[in-house]
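Student: Have a peek at entry-v1.cif (mmCIF, C-alpha atoms).
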```cif
data_data
#
loop_
_atom_site.label_atom_id
_atom_site.label_comp_id
_atom_site.auth_asym_id
_atom_site.auth_seq_id
_atom_site.Cartn_x
_atom_site.Cartn_y
_atom_site.Cartn_z
CA MET A 183 94.19 74.58 21.22
CA ARG A 184 93.68 72.39 24.25
CA TYR A 185 93.40 73.57 27.86
CA GLU A 186 93.18 71.60 31.08
CA TYR A 187 91.52 72.73 34.28
CA ASP A 188 90.19 71.12 37.45
CA VAL A 189 86.87 72.94 37.12
CA LEU A 190 85.15 74.55 34.13
CA VAL A 191 82.25 76.86 35.00
CA ILE A 192 79.96 77.75 32.08
CA GLY A 193 78.18 81.06 32.65
CA ALA A 194 79.33 84.07 34.73
CA GLY A 195 76.11 85.01 36.50
CA PRO A 196 75.87 84.91 40.31
CA GLY A 197 75.74 81.08 40.42
CA GLY A 198 78.78 80.66 38.20
CA SER A 199 80.87 83.29 39.95
CA MET A 200 80.10 81.83 43.38
CA ALA A 201 81.00 78.32 42.18
CA ALA A 202 84.26 79.64 40.69
CA ARG A 203 85.04 81.66 43.80
CA TYR A 204 84.67 78.78 46.26
CA ALA A 205 86.38 76.20 44.02
CA ALA A 206 89.34 78.54 43.44
CA ARG A 207 89.58 79.36 47.13
CA LYS A 208 90.22 75.67 47.79
CA GLY A 209 93.20 75.85 45.46
CA LEU A 210 91.61 74.27 42.39
CA LYS A 211 92.53 75.43 38.89
CA VAL A 212 89.30 77.05 37.71
CA LEU A 213 88.12 78.56 34.42
CA MET A 214 84.82 80.43 34.09
CA VAL A 215 83.56 81.21 30.57
CA GLU A 216 80.89 83.77 29.65
CA LYS A 217 79.28 84.10 26.23
CA ARG A 218 78.70 87.84 26.52
CA PRO A 219 81.47 90.42 26.12
CA ASP A 220 80.27 92.25 29.24
CA ILE A 221 79.50 90.25 32.42
CA GLY A 222 76.10 91.18 33.89
CA SER A 223 74.92 93.12 30.89
CA PRO A 224 72.32 93.36 29.49
CA VAL A 225 70.41 92.94 32.77
CA ARG A 226 67.69 90.28 32.85
CA CYS A 227 66.24 90.71 36.33
CA GLY A 228 63.73 92.65 38.45
CA GLU A 229 66.70 93.45 40.72
CA GLY A 230 64.88 93.00 44.05
CA ILE A 231 66.77 90.80 46.52
CA SER A 232 66.31 89.88 50.16
CA LYS A 233 69.00 90.35 52.78
CA SER A 234 68.89 87.25 54.95
CA TRP A 235 71.06 84.99 52.78
CA LEU A 236 73.97 87.34 52.11
CA PRO A 237 76.13 86.08 55.05
CA GLU A 238 75.73 82.49 53.80
CA VAL A 239 77.84 83.40 50.79
CA GLU A 240 80.03 85.93 52.63
CA LEU A 241 78.65 88.94 50.82
CA GLU A 242 78.58 92.45 52.28
CA PRO A 243 76.26 94.93 50.56
CA GLN A 244 78.32 97.38 48.49
CA PRO A 245 77.30 100.95 47.57
CA ILE A 246 78.32 100.24 43.98
CA TRP A 247 75.54 97.66 43.50
CA VAL A 248 72.87 98.66 46.05
CA SER A 249 70.71 101.31 44.41
CA ASN A 250 68.01 101.44 47.10
CA GLU A 251 67.10 99.87 50.42
CA VAL A 252 63.39 99.35 51.09
CA GLU A 253 61.42 99.11 54.35
CA GLY A 254 59.07 96.43 53.17
CA ALA A 255 56.63 95.20 50.57
CA ARG A 256 53.02 96.10 49.71
CA ILE A 257 50.71 93.60 48.11
CA PHE A 258 47.79 95.05 46.15
CA PRO A 259 44.63 93.14 45.19
CA PRO A 260 42.96 93.71 41.80
CA ASP A 261 40.69 96.55 43.04
CA GLU A 262 43.71 98.30 44.68
CA LYS A 263 41.36 99.65 47.37
CA THR A 264 43.65 98.46 50.12
CA PHE A 265 46.94 96.59 50.49
CA ILE A 266 48.87 94.28 52.76
CA LYS A 267 51.99 95.90 54.14
CA LEU A 268 54.85 93.61 55.05
CA SER A 269 57.82 95.06 56.84
CA ALA A 270 61.13 93.51 55.87
CA ASN A 271 61.50 91.47 59.06
CA LYS A 272 57.88 90.22 58.99
CA ALA A 273 58.31 89.12 55.42
CA GLY A 274 61.17 86.90 56.57
CA ASN A 275 63.58 89.36 55.01
CA GLU A 276 62.21 88.47 51.59
CA VAL A 277 62.62 92.08 50.62
CA GLY A 278 65.52 94.37 51.22
CA TYR A 279 67.64 95.80 48.44
CA ILE A 280 67.04 96.90 44.89
CA ILE A 281 70.34 96.29 43.18
CA GLU A 282 72.16 97.11 39.97
CA ARG A 283 72.51 93.60 38.57
CA ASP A 284 75.18 94.44 36.01
CA LYS A 285 77.40 95.91 38.74
CA PHE A 286 76.50 93.05 41.11
CA ASP A 287 77.45 90.36 38.59
CA LYS A 288 80.76 92.06 37.81
CA TYR A 289 81.51 92.41 41.51
CA LEU A 290 80.95 88.66 42.03
CA ALA A 291 83.07 87.76 38.99
CA ALA A 292 85.85 89.92 40.43
CA LEU A 293 85.62 88.01 43.73
CA ALA A 294 86.13 84.77 41.78
CA ALA A 295 89.04 86.28 39.85
CA ARG A 296 90.72 87.44 43.06
CA GLU A 297 90.58 83.88 44.40
CA GLY A 298 92.54 82.86 41.32
CA ALA A 299 89.87 81.74 38.84
CA ASP A 300 90.57 82.42 35.16
CA ILE A 301 87.76 84.18 33.26
CA TRP A 302 87.13 84.28 29.51
CA VAL A 303 84.47 86.69 28.26
CA LYS A 304 82.85 86.63 24.82
CA SER A 305 83.46 82.90 24.92
CA PRO A 306 80.31 80.78 24.48
CA ALA A 307 80.35 77.02 25.02
CA ILE A 308 79.28 75.46 21.73
CA SER A 309 79.21 71.80 22.75
CA LEU A 310 80.29 69.38 25.45
CA ILE A 311 83.16 66.94 24.94
CA PHE A 312 82.35 63.32 25.81
CA GLU A 313 84.65 60.35 26.52
CA ASP A 314 83.09 56.95 27.27
CA LYS A 315 79.71 58.71 27.32
CA LYS A 316 80.86 60.97 30.13
CA VAL A 317 81.32 64.73 29.93
CA VAL A 318 85.03 65.60 30.14
CA GLY A 319 85.03 69.19 28.90
CA ALA A 320 83.53 71.69 26.52
CA ARG A 321 84.31 73.22 23.18
CA ILE A 322 84.49 76.99 23.60
CA ARG A 323 84.49 79.70 20.95
CA ARG A 324 87.02 81.95 22.68
CA GLN A 325 86.62 85.34 21.07
CA GLY A 326 86.30 83.68 17.70
CA GLU A 327 88.85 80.89 18.16
CA VAL A 328 87.48 77.40 18.79
CA VAL A 329 89.33 75.69 21.65
CA ASP A 330 88.79 72.54 23.73
CA VAL A 331 88.76 72.85 27.51
CA PHE A 332 89.08 69.62 29.51
CA ALA A 333 88.09 69.56 33.17
CA LYS A 334 87.45 67.04 35.94
CA ILE A 335 84.26 68.88 36.92
CA ILE A 336 81.98 70.93 34.67
CA ILE A 337 79.51 73.31 36.33
CA GLY A 338 76.50 74.42 34.26
CA ALA A 339 75.62 77.96 35.33
CA ASP A 340 74.11 79.02 32.04
CA GLY A 341 70.77 80.29 33.26
CA PHE A 342 67.16 79.69 32.21
CA GLU A 343 68.19 78.87 28.63
CA SER A 344 70.69 76.27 29.93
CA GLN A 345 72.30 74.15 27.26
CA VAL A 346 74.80 72.35 29.51
CA GLY A 347 72.05 70.41 31.31
CA ARG A 348 70.37 69.40 28.07
CA TRP A 349 73.65 68.43 26.35
CA ALA A 350 74.59 66.35 29.42
CA LYS A 351 71.13 64.69 29.33
CA ILE A 352 70.01 65.96 32.73
CA ASN A 353 66.25 66.35 32.46
CA THR A 354 65.37 69.88 33.56
CA MET A 355 62.47 70.32 31.15
CA VAL A 356 59.79 72.67 32.46
CA LYS A 357 56.03 72.47 31.78
CA ASP A 358 54.25 75.54 30.41
CA ARG A 359 52.40 76.12 33.71
CA ASP A 360 55.80 76.43 35.41
CA ILE A 361 57.28 78.93 32.95
CA VAL A 362 56.69 82.65 33.46
CA SER A 363 57.31 85.11 30.64
CA CYS A 364 58.61 88.47 31.90
CA ILE A 365 59.03 91.98 30.62
CA GLU A 366 60.09 95.05 32.56
CA TYR A 367 60.61 98.73 31.88
CA ARG A 368 63.08 100.80 33.85
CA MET A 369 61.03 103.97 34.20
CA VAL A 370 61.85 107.48 35.40
CA GLY A 371 59.61 110.41 36.27
CA ILE A 372 56.96 108.24 37.94
CA ASP A 373 55.00 108.52 41.22
CA ILE A 374 56.15 105.82 43.60
CA ASP A 375 56.97 105.24 47.26
CA LYS A 376 60.73 104.72 47.36
CA ASN A 377 60.46 102.74 50.60
CA PHE A 378 58.36 99.82 49.34
CA THR A 379 58.45 97.16 46.70
CA ASP A 380 54.91 96.88 45.31
CA PHE A 381 53.24 93.73 44.02
CA TYR A 382 49.93 93.63 42.12
CA LEU A 383 47.97 90.37 41.93
CA GLY A 384 45.08 89.10 39.86
CA SER A 385 43.92 89.26 36.26
CA CYS A 386 46.39 92.08 35.52
CA ALA A 387 49.03 89.32 35.44
CA PRO A 388 47.51 85.78 35.22
CA GLY A 389 49.65 83.19 37.01
CA GLY A 390 52.17 85.88 37.98
CA TYR A 391 52.21 89.47 39.20
CA VAL A 392 53.14 93.04 38.35
CA TRP A 393 56.03 94.52 40.31
CA VAL A 394 57.21 98.06 40.96
CA PHE A 395 60.71 97.98 42.48
CA PRO A 396 61.92 101.51 43.30
CA LYS A 397 65.46 102.43 42.32
CA GLY A 398 65.16 106.07 43.39
CA LYS A 399 62.59 108.69 44.33
CA ASP A 400 60.97 108.82 40.86
CA GLU A 401 62.55 105.77 39.27
CA ALA A 402 61.61 102.08 39.35
CA ASN A 403 61.67 98.76 37.58
CA VAL A 404 58.07 98.24 36.47
CA GLY A 405 57.67 94.67 35.33
CA ILE A 406 55.31 91.78 34.84
CA GLY A 407 55.41 88.01 34.77
CA VAL A 408 52.59 85.95 33.24
CA ALA A 409 52.43 82.13 33.26
CA LEU A 410 53.00 80.64 29.81
CA ASN A 411 49.86 78.48 30.04
CA LYS A 412 47.83 81.70 30.38
CA LEU A 413 49.33 83.29 27.26
CA LYS A 414 47.50 82.57 24.02
CA ARG A 415 48.83 85.07 21.52
CA SER A 416 52.17 86.48 20.39
CA GLY A 417 53.35 89.54 22.32
CA GLU A 418 50.59 89.21 24.92
CA VAL A 419 52.74 89.66 28.04
CA LYS A 420 53.91 93.06 26.81
CA LYS A 421 50.30 94.03 26.22
CA TYR A 422 49.42 93.10 29.82
CA LEU A 423 52.19 95.41 31.10
CA ASP A 424 51.29 98.26 28.75
CA ASP A 425 47.62 97.97 29.81
CA PHE A 426 48.61 98.09 33.49
CA ILE A 427 50.72 101.21 32.98
CA GLU A 428 47.93 102.80 30.93
CA ARG A 429 45.54 102.39 33.90
CA HIS A 430 47.98 104.05 36.34
CA PRO A 431 48.49 107.77 35.65
CA GLY A 432 51.42 107.88 38.08
CA LEU A 433 53.26 105.40 35.88
CA LYS A 434 51.86 106.48 32.52
CA LYS A 435 53.56 109.88 32.70
CA GLY A 436 57.02 108.26 33.05
CA LYS A 437 59.66 107.53 30.44
CA THR A 438 61.24 104.16 29.79
CA ILE A 439 65.03 104.12 29.68
CA GLU A 440 65.50 100.35 29.38
CA ILE A 441 63.47 97.29 28.30
CA ILE A 442 64.37 94.04 30.04
CA THR A 443 62.94 90.66 29.02
CA GLY A 444 63.35 87.04 30.01
CA ALA A 445 61.66 84.01 31.47
CA VAL A 446 61.81 82.19 34.79
CA SER A 447 60.85 78.69 35.89
CA THR A 448 58.48 78.25 38.83
CA CYS A 449 58.69 74.46 39.28
CA PRO A 450 59.69 72.28 42.22
CA VAL A 451 63.36 71.14 42.34
CA PRO A 452 63.90 68.74 39.37
CA GLN A 453 64.48 64.98 39.76
CA SER A 454 68.21 65.42 39.26
CA ILE A 455 70.64 68.32 38.85
CA VAL A 456 73.86 66.31 38.44
CA THR A 457 75.38 63.62 36.25
CA ASP A 458 78.89 62.16 36.01
CA ASN A 459 81.40 65.06 36.25
CA VAL A 460 78.61 67.67 35.90
CA MET A 461 76.67 69.85 38.37
CA LEU A 462 74.00 72.45 37.56
CA VAL A 463 73.49 75.57 39.68
CA GLY A 464 71.01 78.46 39.88
CA ASP A 465 68.44 78.98 37.12
CA ALA A 466 70.09 76.22 35.06
CA ALA A 467 69.10 73.82 37.88
CA ARG A 468 65.61 75.43 38.06
CA LEU A 469 66.29 76.70 41.58
CA ILE A 470 64.01 79.74 41.31
CA ASP A 471 61.51 80.44 44.09
CA PRO A 472 58.12 79.45 42.59
CA ILE A 473 56.22 82.25 44.34
CA THR A 474 58.53 85.24 44.01
CA GLY A 475 60.39 84.23 40.85
CA GLY A 476 63.58 85.28 42.63
CA GLY A 477 66.71 83.40 41.57
CA VAL A 478 69.77 85.34 42.72
CA ALA A 479 69.91 84.02 46.31
CA ASN A 480 69.48 80.38 45.32
CA ALA A 481 72.02 80.78 42.52
CA CYS A 482 74.61 82.10 44.97
CA ILE A 483 73.87 79.44 47.59
CA SER A 484 73.90 76.55 45.10
CA GLY A 485 77.01 78.04 43.46
CA ARG A 486 78.91 77.94 46.73
CA LEU A 487 77.76 74.37 47.44
CA ALA A 488 78.84 73.28 43.93
CA GLY A 489 82.24 74.99 44.20
CA GLU A 490 82.94 73.30 47.51
CA ALA A 491 81.60 69.96 46.26
CA ALA A 492 83.95 70.20 43.26
CA TYR A 493 86.88 70.34 45.66
CA GLU A 494 85.55 67.43 47.72
CA ALA A 495 84.99 65.31 44.58
CA ILE A 496 88.39 66.01 43.06
CA ARG A 497 90.17 65.44 46.39
CA SER A 498 88.39 62.10 46.77
CA LYS A 499 89.09 61.25 43.11
CA ASN A 500 85.38 60.51 42.73
CA THR A 501 83.38 62.70 40.37
CA SER A 502 80.64 60.13 39.73
CA LYS A 503 76.98 61.03 39.53
CA GLU A 504 76.30 59.12 42.75
CA PHE A 505 78.97 60.98 44.70
CA LEU A 506 77.93 64.41 43.34
CA LYS A 507 74.35 63.59 44.33
CA GLU A 508 75.56 62.89 47.84
CA ILE A 509 77.90 65.88 48.30
CA TYR A 510 76.02 68.51 46.25
CA GLU A 511 72.46 67.72 45.21
CA LYS A 512 71.48 66.37 48.64
CA LYS A 513 72.64 69.61 50.29
CA VAL A 514 70.68 71.72 47.81
CA ARG A 515 67.58 69.66 48.54
CA GLU A 516 68.01 69.92 52.30
CA LYS A 517 68.23 73.67 51.92
CA LEU A 518 65.53 74.40 49.35
CA GLU A 519 63.27 71.49 48.53
CA ARG A 520 60.60 71.88 51.22
CA LYS A 521 60.21 75.61 50.73
CA HIS A 522 60.10 75.23 46.95
CA LEU A 523 57.41 72.58 47.11
CA ARG A 524 55.31 74.63 49.54
CA ASN A 525 55.69 77.76 47.42
CA TRP A 526 54.88 75.81 44.27
CA PHE A 527 51.59 74.66 45.83
CA ALA A 528 50.84 78.20 46.99
CA LYS A 529 51.53 79.51 43.48
CA GLU A 530 49.20 76.93 41.94
CA LYS A 531 46.51 77.96 44.44
CA LEU A 532 46.95 81.70 43.91
CA SER A 533 46.85 81.37 40.13
CA VAL A 534 43.26 80.07 40.14
CA LEU A 535 41.75 82.65 42.53
CA SER A 536 39.28 85.09 41.03
CA ASP A 537 39.79 88.85 41.32
CA GLU A 538 36.81 88.97 43.65
CA THR A 539 38.31 86.39 46.01
CA LEU A 540 41.68 88.17 46.00
CA ASN A 541 39.96 91.48 46.84
CA LYS A 542 38.24 89.89 49.84
CA LEU A 543 41.39 88.14 51.02
CA VAL A 544 43.53 91.25 50.98
CA ASP A 545 40.73 93.27 52.55
CA ALA A 546 40.47 90.78 55.45
CA ILE A 547 44.20 90.50 55.99
CA SER A 548 44.91 94.22 55.71
CA SER A 549 42.29 95.10 58.34
CA VAL A 550 44.08 93.31 61.17
CA GLU A 551 47.37 94.12 62.80
CA LEU A 552 49.65 91.25 61.89
CA THR A 553 52.26 90.44 64.47
CA SER A 554 53.83 87.79 62.31
CA ILE A 555 53.25 86.39 58.87
CA SER A 556 52.31 82.77 59.24
CA VAL A 557 49.74 80.73 57.38
CA LYS A 558 47.76 80.45 60.61
CA SER A 559 47.70 84.17 61.38
CA LEU A 560 46.59 84.90 57.82
CA LEU A 561 43.86 82.28 57.90
CA ASP A 562 42.59 83.52 61.28
CA ALA A 563 42.22 87.01 59.84
CA VAL A 564 40.32 85.74 56.82
CA GLN A 565 38.15 83.47 58.99
CA LYS A 566 36.95 86.45 60.98
CA LYS A 567 35.74 88.47 58.03
CA TYR A 568 34.99 85.99 55.23
CA PRO A 569 34.53 82.56 56.87
CA GLU A 570 33.34 81.00 53.61
CA LEU A 571 36.69 81.75 51.96
CA VAL A 572 38.77 79.75 54.39
CA LYS A 573 37.50 76.45 52.97
CA GLU A 574 39.36 77.18 49.75
CA PHE A 575 42.67 77.28 51.61
CA GLU A 576 42.42 74.52 54.18
CA ASP A 577 44.55 72.19 52.08
CA LEU A 578 47.39 74.70 52.09
CA ILE A 579 48.03 74.24 55.79
CA MET B 804 59.20 80.15 11.57
CA LYS B 805 60.42 83.69 11.61
CA VAL B 806 62.37 85.66 14.22
CA ASP B 807 61.96 89.40 13.74
CA THR B 808 65.43 90.66 14.68
CA SER B 809 64.13 94.22 15.01
CA LYS B 810 61.93 93.03 17.91
CA CYS B 811 64.12 90.27 19.42
CA ASN B 812 65.91 91.16 22.67
CA TYR B 813 68.10 87.98 22.69
CA CYS B 814 66.90 87.17 26.20
CA GLY B 815 66.70 83.40 25.77
CA ALA B 816 63.11 83.01 27.01
CA CYS B 817 62.32 80.93 23.89
CA VAL B 818 65.50 78.85 24.23
CA GLY B 819 64.73 77.73 27.78
CA SER B 820 61.05 77.11 27.05
CA CYS B 821 61.53 74.89 23.99
CA PRO B 822 60.56 71.33 24.99
CA VAL B 823 62.67 69.75 22.23
CA ASN B 824 65.72 72.06 22.49
CA CYS B 825 65.65 73.19 18.89
CA ILE B 826 66.30 76.90 19.59
CA PHE B 827 69.79 78.25 20.15
CA LEU B 828 71.16 81.58 21.26
CA ASP B 829 74.12 82.38 19.06
CA GLU B 830 76.34 85.31 20.11
CA THR B 831 74.11 87.73 18.26
CA ARG B 832 70.93 85.96 17.17
CA ILE B 833 68.29 83.30 17.78
CA VAL B 834 68.49 80.22 15.57
CA ILE B 835 65.56 77.79 15.25
CA ASP B 836 66.15 74.28 13.88
CA GLU B 837 62.89 73.73 12.03
CA ASN B 838 63.62 70.05 11.40
CA SER B 839 63.19 69.15 15.07
CA CYS B 840 60.46 71.72 15.81
CA THR B 841 57.18 70.12 16.96
CA LYS B 842 55.07 73.27 16.44
CA CYS B 843 54.02 73.49 20.10
CA GLY B 844 54.03 77.29 19.94
CA PHE B 845 55.73 77.76 23.35
CA CYS B 846 58.40 80.06 21.88
CA ILE B 847 55.83 82.23 20.11
CA ARG B 848 53.72 82.68 23.26
CA VAL B 849 56.63 83.04 25.73
CA CYS B 850 58.52 85.69 23.72
CA PRO B 851 58.07 88.91 25.72
CA MET B 852 58.67 91.03 22.62
CA GLY B 853 56.37 89.08 20.28
CA ALA B 854 59.32 88.55 17.94
CA ILE B 855 58.60 84.99 16.82
CA SER B 856 55.90 84.09 14.29
CA ALA B 857 54.87 81.13 12.17
CA GLU B 858 52.32 80.54 9.44
CA TRP B 859 50.79 77.62 11.36
CA PHE B 860 50.30 79.66 14.58
CA LYS B 861 47.12 81.65 14.73
#
```
As a first step, turn the structure in this file into structure tokens.

Tutor:
Amino acid sequence: MRYEYDVLVIGAGPGGSMAARYAARKGLKVLMVEKRPDIGSPVRCGEGISKSWLPEVELEPQPIWVSNEVEGARIFPPDEKTFIKLSANKAGNEVGYIIERDKFDKYLAALAAREGADIWVKSPAISLIFEDKKVVGARIRRQGEVVDVFAKIIIGADGFESQVGRWAKINTMVKDRDIVSCIEYRMVGIDIDKNFTDFYLGSCAPGGYVWVFPKGKDEANVGIGVALNKLKRSGEVKKYLDDFIERHPGLKKGKTIEIITGAVSTCPVPQSIVTDNVMLVGDAARLIDPITGGGVANACISGRLAGEAAYEAIRSKNTSKEFLKEIYEKKVREKLERKHLRNWFAKEKLSVLSDETLNKLVDAISSVELTSISVKSLLDAVQKKYPELVKEFEDLI
Amino acid sequence: MKVDTSKCNYCGACVGSCPVNCIFLDETRIVIDENSCTKCGFCIRVCPMGAISAEWFK
């Protein structure tokens, strides 16, 4: 069988659904394919999102996918003697909701469908179709039947394990220092503060952190990310998480009702995220925040930009790499590149600090009343208490 | 190389980490193309479930 569309979106996560939604809204004929039978499931996410970006993609929080709203975040140093408390607005709205990702992803796919996009589930892309060395479609195994889908624009929204980018020869290879291996337990019957997302830094999670994201009064996602270059043995990241839980009686007494695994990239924006007729969005384009490891917001934002760029390209009858760079990639860079680079540097810096230094830093920062979170206000606080430490951070400014 | 299917969560962490793209996520399982594998060990170390092993990895 042979199908023809204006736009083929591969992957029905937040990036794919947003791309499909905005392309379909412009009147394009859109198909989104998803390899799994059930969009959004199994979940592969810590499920903490910030609020500030939701209006940019015309999203209103829905009771069906918001499981908890938090007041702020707490950052714990290795000795856990004190912590830095960030209220949601001081943290630049980096924290806000704990969501149900499976429900969230389905909700977004439904938005795309209501704009007119076709959706095929249990339909993995198995290869790209090339003509004159350019991508013109993909071969899809549609619920067992192999079919060819031709499209003017192909959007790769196939996540961290992206094949579309690699098949299309877009170099999005990630170094081991910029890959974080993650595992998370959804736990019930634990002692937590429902109003805060908690982050634990230091040797409990080298090159990453442990998170406790509350989903209810005694229920949370308890997870860990460790940088791949810090992992030496098989199964080590799970051991780090199990050791952390073992040391915390309030967590140890809980029961795990779900195990979630995955990996994220923590690199700067790659050299290129487009080629002729092809755009990558979200995790497939490595658009994950290098410090937080959060990918949902950037997936949605890049998805919208790609969907709208698809319309612009098809209307102008120009789907060349150069034009897609101009109307899509450039906009993504304007939006994200500076922040990503800054956060990548900060991540590199954080990952080499000793537990002792982290303890001092958090102690200094937590002892002053912060009116705003800026690099300067943080450094001033540290300067006051541990002047010798500031030298280590001068190059961050 | 061996993938222990009783441990594997099919999350794709190994697929995205492979520098030579020789690991694939089929609908139900992980497939490793040993002919193009360079034995870097990324997949073994990145796997959150410790599901991948190889004789040459110690």

Student: Using only C-alpha atoms, I'd like a table of the residues in chain B that come within 10 Å of chain A; for each, show the closest atom pair and its distance in Å rounded to one decimal, ordered by chain and ascending number, as CSV.

Tutor:
```
residue,atom,partner,partner_atom,distance
B:Cys811,CA,A:Thr443,CA,9.7
B:Asn812,CA,A:Thr443,CA,7.0
B:Tyr813,CA,A:Thr443,CA,8.6
B:Cys814,CA,A:Gly444,CA,5.2
B:Gly815,CA,A:Glu343,CA,5.6
B:Ala816,CA,A:Ala445,CA,4.8
B:Cys817,CA,A:Glu343,CA,7.8
B:Val818,CA,A:Glu343,CA,5.2
B:Gly819,CA,A:Glu343,CA,3.7
B:Ser820,CA,A:Val356,CA,7.1
B:Cys821,CA,A:Met355,CA,8.5
B:Pro822,CA,A:Met355,CA,6.5
B:Val823,CA,A:Met355,CA,8.9
B:Asn824,CA,A:Arg348,CA,7.7
B:Ile826,CA,A:Glu343,CA,9.4
B:Phe827,CA,A:Gln345,CA,8.6
B:Leu828,CA,A:Glu343,CA,8.4
B:Asp829,CA,A:Pro306,CA,8.4
B:Glu830,CA,A:Lys217,CA,6.9
B:Thr831,CA,A:Arg218,CA,9.5
B:Gly844,CA,A:Lys414,CA,9.3
B:Phe845,CA,A:Asp358,CA,7.5
B:Cys846,CA,A:Ser416,CA,9.1
B:Ile847,CA,A:Ser416,CA,5.6
B:Arg848,CA,A:Ser416,CA,5.0
B:Val849,CA,A:Ser363,CA,5.4
B:Cys850,CA,A:Gly417,CA,6.6
B:Pro851,CA,A:Gly417,CA,5.9
B:Met852,CA,A:Gly417,CA,5.5
B:Gly853,CA,A:Gly417,CA,3.7
B:Ala854,CA,A:Gly417,CA,7.5
B:Ile855,CA,A:Ser416,CA,7.5
B:Ser856,CA,A:Ser416,CA,7.5
B:Phe860,CA,A:Arg415,CA,8.9
B:Lys861,CA,A:Arg415,CA,7.8
```

Student: Record the distance separating atom CA of A:Gly193 and atom CA of A:Ile322, expressed in Å with one decimal.

Tutor: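 So the answer is 11.8 Å.
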
Student: Any chance you could work out the residue set of the PyMOL selection byres ((chain A and resi 485) around 10) here, as number ranges by chain?

Tutor: A: 195-205, 239, 337-339, 461-464, 479-484, 486-491, 510, 514

Student: What's the separation between atom CA of A:Glu494 and atom CA of A:Gly222, in Å to one decimal place?

Tutor: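 If I compute the distance from atom CA of A:Glu494 to atom CA of A:Gly222, I get 29.1 Å.
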
Student: If we draw a sphere of 6 Å around (72.4, 66.1, 35.4), which residues have at least one atom in it when counting only C-alpha atoms? Please report them as number ranges by chain.

Tutor: A: 347, 352, 454-457

Student: By how many Å are atom CA of A:Val478 and atom CA of A:Cys449 apart?

Tutor: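 Separation between atom CA of A:Val478 and atom CA of A:Cys449: 15.9 Å.
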
Student: With only C-alpha atoms as the counted atoms, please give the residues lying no more than 9 Å from A:Ile246, apart from itself and same-chain residues fewer than 3 positions off, as a list in words.

Tutor: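 Result of the neighbour search: Pro243, Ser249, Ile281, Glu282, Lys285, Phe286 and Tyr289 of chain A.
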
Student: To box stretch 525-534 of chain A, take all atoms listed in the file, fit an axis-aligned box, add 4 Å on each side, and give centre and edge lengths in Å to one decimal, as JSON.

Tutor:
```
{"center_x": 49.5, "center_y": 78.2, "center_z": 43.8, "size_x": 20.4, "size_y": 15.0, "size_z": 15.3}
```

Student: The PyMOL selection byres ((chain A and resi 402) around 10) on the file shown: which residues, as a compact mmCIF listing (two decimals) with C-alpha atoms, in the frame of the given file?

Tutor:
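Okay, part.txt is ready:
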```txt
# COMPACT_ATOMS: atom_id res chain seq x y z
CA GLY A 228 63.73 92.65 38.45
CA ILE A 280 67.04 96.90 44.89
CA GLU A 366 60.09 95.05 32.56
CA TYR A 367 60.61 98.73 31.88
CA ARG A 368 63.08 100.80 33.85
CA MET A 369 61.03 103.97 34.20
CA VAL A 370 61.85 107.48 35.40
CA GLY A 371 59.61 110.41 36.27
CA ILE A 372 56.96 108.24 37.94
CA ASP A 373 55.00 108.52 41.22
CA ILE A 374 56.15 105.82 43.60
CA ASP A 375 56.97 105.24 47.26
CA LYS A 376 60.73 104.72 47.36
CA THR A 379 58.45 97.16 46.70
CA TRP A 393 56.03 94.52 40.31
CA VAL A 394 57.21 98.06 40.96
CA PHE A 395 60.71 97.98 42.48
CA PRO A 396 61.92 101.51 43.30
CA LYS A 397 65.46 102.43 42.32
CA GLY A 398 65.16 106.07 43.39
CA LYS A 399 62.59 108.69 44.33
CA ASP A 400 60.97 108.82 40.86
CA GLU A 401 62.55 105.77 39.27
CA ASN A 403 61.67 98.76 37.58
CA VAL A 404 58.07 98.24 36.47
CA GLY A 405 57.67 94.67 35.33
CA LEU A 433 53.26 105.40 35.88
CA GLY A 436 57.02 108.26 33.05
CA THR A 438 61.24 104.16 29.79
```

Student: Which residues fall under the PyMOL selection byres ((chain A and resi 330) around 8) in this file, as a list in words?

Tutor: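 This file, filtered by the PyMOL selection byres ((chain A and resi 330) around 8), leaves Met183, Arg184, Tyr185, Gly319, Ala320, Arg321, Ile322, Val328, Val329, Val331 and Phe332 of chain A.
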
Student: How would the residues just chosen look if you wrote them out with C-alpha atoms as a CSV table (one decimal), in the coordinates of the input?

Tutor:
```csv
chain,number,residue,atom,x,y,z
A,183,MET,CA,94.2,74.6,21.2
A,184,ARG,CA,93.7,72.4,24.2
A,185,TYR,CA,93.4,73.6,27.9
A,319,GLY,CA,85.0,69.2,28.9
A,320,ALA,CA,83.5,71.7,26.5
A,321,ARG,CA,84.3,73.2,23.2
A,322,ILE,CA,84.5,77.0,23.6
A,328,VAL,CA,87.5,77.4,18.8
A,329,VAL,CA,89.3,75.7,21.6
A,331,VAL,CA,88.8,72.8,27.5
A,332,PHE,CA,89.1,69.6,29.5
```

Student: Name all residues at most 9 Å from A:Ala495 (count only C-alpha atoms; drop same-chain ones fewer than 5 positions away) and give them as a ChimeraX atom specification.

Tutor: /A:335,490,500-502,505-506,509
